[in-house]
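K.L.:
First the structure, then my questions, so here it is.
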Amino acid sequence: MQKRKGRPFLAGIVLLGTLFLGACAPKSISPTSGGTEAYPKDIMAQPTMAPLPAERMAYQGVSNVYQESLATETERMVIRSADLSIVVANPGQAMDAIIRLADEMKGFVVSSSLYQTQTPEGTQVQEGTITIRVPAERLEEALSRIRALVENPATDILSQNIYGKDVTKEYTDLQSRLRNLEDAAEQLQKIMDTATKPEEVLQVYNELRQVNEQIEVLKGQIKYYQESAAMSAITVTLRAKEAVAPITIGTWKPEGVARDAIRALIRAYQTLANAVIWLVLFCLPVALPIGIVVWLIWMGFRRWRRGRRTATNTETTPPEAS
């Protein structure tokens with residue numbers, strides 16, 4: 001009776017191992033596609049691949065249907081973020097207004113920093129940086145209200161950038177992998193419930209624990225994508241007007257002269273750096289072997305001349321009288 005029970009159990013282990021391998025490796029590299037990634041349905045479409053077992057074919061068929069349904073039903077998932085650099089009369093008050101804005105929009109503050117800096121005239125002024133998250137659908141509204149904190153949008157908005165990253169493919173792939181792992185965990189649990197030998201129970205338990213760990217990792221990644229797409233991040237750099245006010249003496253603006261001088265200095269250093277790079281990477285590798293060849297020829301020529309002189313001196317020296 002023990003032998004009859006063991007055979008179906010081992011067959012179930014083999015089948016589950018096949019399912020587990022497919023769940024842990026949802027992507028593969030096709031040997032005929034030159035390294036292009038493909039999903040399991042693409043692998044099945046390869047005419048040069050060896051035929052798969054019936055159990056694997058059935059499993060991949062279910063996975064294909066699931067992936068196709070995900071691609072059809074899942075909306076585009078885009079993670080949007082923005083950063084601004086603005087000039088305000090009072091950075092501390094502006095930061096408080098941005099914090100209230102995040103609370104009002106059911107968002108939250110990720111980080112904030114307010115510090116003292118010194119102008120060239122020695123005046124102490126405040127500067128700060130704050131990062132908030134607001135609902136993605138209200139990103140434009142939040143940016144508009146932050147821009148309204150400045151007195152003159154034409155000059156006081158130093159920079160503004162809005163970014164978007166489409167993560168639909170990554171998100172769909174994570175969901176597919178999670179579904180496969182959950183199916184594998186369910187099958188492992190059924191096998192462990194029907195196992196009778198302690199070693200068999202321990203083996204299945206270890207495999208089930210590994211699958212559950214991977215499930216938790218995938219759930220964390222999926223949650224990160226969901227939260228990042230639902231709540232857009234806005235980073236605002238706040239600068240005081242005194243810190244960016246130009247120094248003017250009559251019609252002469254020394255900051256313009258200083259800026260031109262710095263640019264000229266940078267261009268001079270760039271020219272010098274380019275010359276050094278050409279010397280090290282081009283001139284030296286070319287000149288070194290040529291120099292070695294010239295040096296060897298010169299040394300050979302000197303030895304030849306020295307030998308000629310020695311032979312000439314020997315011929316012109318009279319023999320000693322005996």
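Going by the structure tokens order, chains are called A, B, ..., each with residues numbered from 1, while ligands are numbered from 1 in the order shown.
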From stretch 88-265 of chain A, collect each residue whose DSSP state is helix (DSSP H, G or I) and return the set as an NGL selection string.
P.N.:
:A and (91-104 or 136-147 or 153-156 or 168-194 or 198-230 or 241-244 or 254-265)
K.L.:
Compile the contact shell of stretch 233-237 of chain A as number ranges by chain: residues with an atom at most 6 Å away, counting only C-alpha atoms, same-chain residues fewer than 4 positions apart removed.
P.N.:
A: 81-85, 128-133
K.L.:
Hey, what's within 12 Å of A:Tyr115 if we count only C-alpha atoms and toss same-chain stuff fewer than 6 positions away? As a CSV table (one decimal) with N, CA and C atoms, in the first residue's frame, please?
P.N.:
chain,number,residue,atom,x,y,z
A,91,PRO,N,10.6,81.9,2.0
A,91,PRO,CA,10.6,80.5,1.8
A,91,PRO,C,9.9,79.7,2.9
A,92,GLY,N,10.0,80.1,4.1
A,92,GLY,CA,9.3,79.4,5.2
A,92,GLY,C,7.8,79.4,5.1
A,95,MET,N,6.8,77.2,2.2
A,95,MET,CA,6.8,75.8,2.5
A,95,MET,C,5.6,75.4,3.3
A,124,GLN,N,21.6,87.2,5.8
A,124,GLN,CA,21.1,85.8,6.1
A,124,GLN,C,19.7,85.7,5.5
A,125,VAL,N,19.5,84.7,4.6
A,125,VAL,CA,18.2,84.4,4.0
A,125,VAL,C,17.9,82.9,4.1
A,126,GLN,N,16.7,82.6,4.0
A,126,GLN,CA,16.2,81.2,4.0
A,126,GLN,C,16.1,80.6,2.6
A,127,GLU,N,16.4,79.3,2.6
A,127,GLU,CA,16.2,78.5,1.4
A,127,GLU,C,15.7,77.2,1.8
A,128,GLY,N,15.0,76.5,1.0
A,128,GLY,CA,14.4,75.2,1.4
A,128,GLY,C,14.1,74.3,0.2
A,129,THR,N,13.9,73.0,0.5
A,129,THR,CA,13.4,72.0,-0.5
A,129,THR,C,12.4,71.2,0.2
A,130,ILE,N,11.3,70.9,-0.5
A,130,ILE,CA,10.2,70.1,0.0
A,130,ILE,C,9.7,69.1,-1.1
A,237,THR,N,12.0,73.5,-5.0
A,237,THR,CA,13.2,74.2,-4.4
A,237,THR,C,12.8,75.7,-4.2
A,238,LEU,N,12.9,76.2,-3.0
A,238,LEU,CA,12.4,77.5,-2.6
A,238,LEU,C,13.6,78.4,-2.4
A,239,ARG,N,13.7,79.5,-3.1
A,239,ARG,CA,14.8,80.4,-3.0
A,239,ARG,C,14.3,81.8,-2.6
A,240,ALA,N,15.0,82.5,-1.8
A,240,ALA,CA,14.6,83.8,-1.4
A,240,ALA,C,14.9,84.9,-2.4
K.L.:
Please identify which residues in stretch 128-307 of chain A DSSP calls strand (DSSP E) from the backbone, and express them as a list in words.
P.N.:
Gly128, Thr129, Ile130, Thr131, Ile132, Arg133, Val134, Pro135, Ile157, Leu158, Ser159, Gln160, Asn161, Ile162, Tyr163, Gly164, Lys165, Asp166, Met231, Ser232, Ala233, Ile234, Thr235, Val236, Thr237, Leu238, Arg239 and Ala240 of chain A
K.L.:
Between A:Ala311, A:Ile297, A:Leu181, A:Ala142, which residue has the minimum interatomic distance to A:Arg209, considering only C-alpha atoms?
P.N.:
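Once distances to A:Arg209 are computed over only C-alpha atoms, the minimum belongs to A:Leu181.
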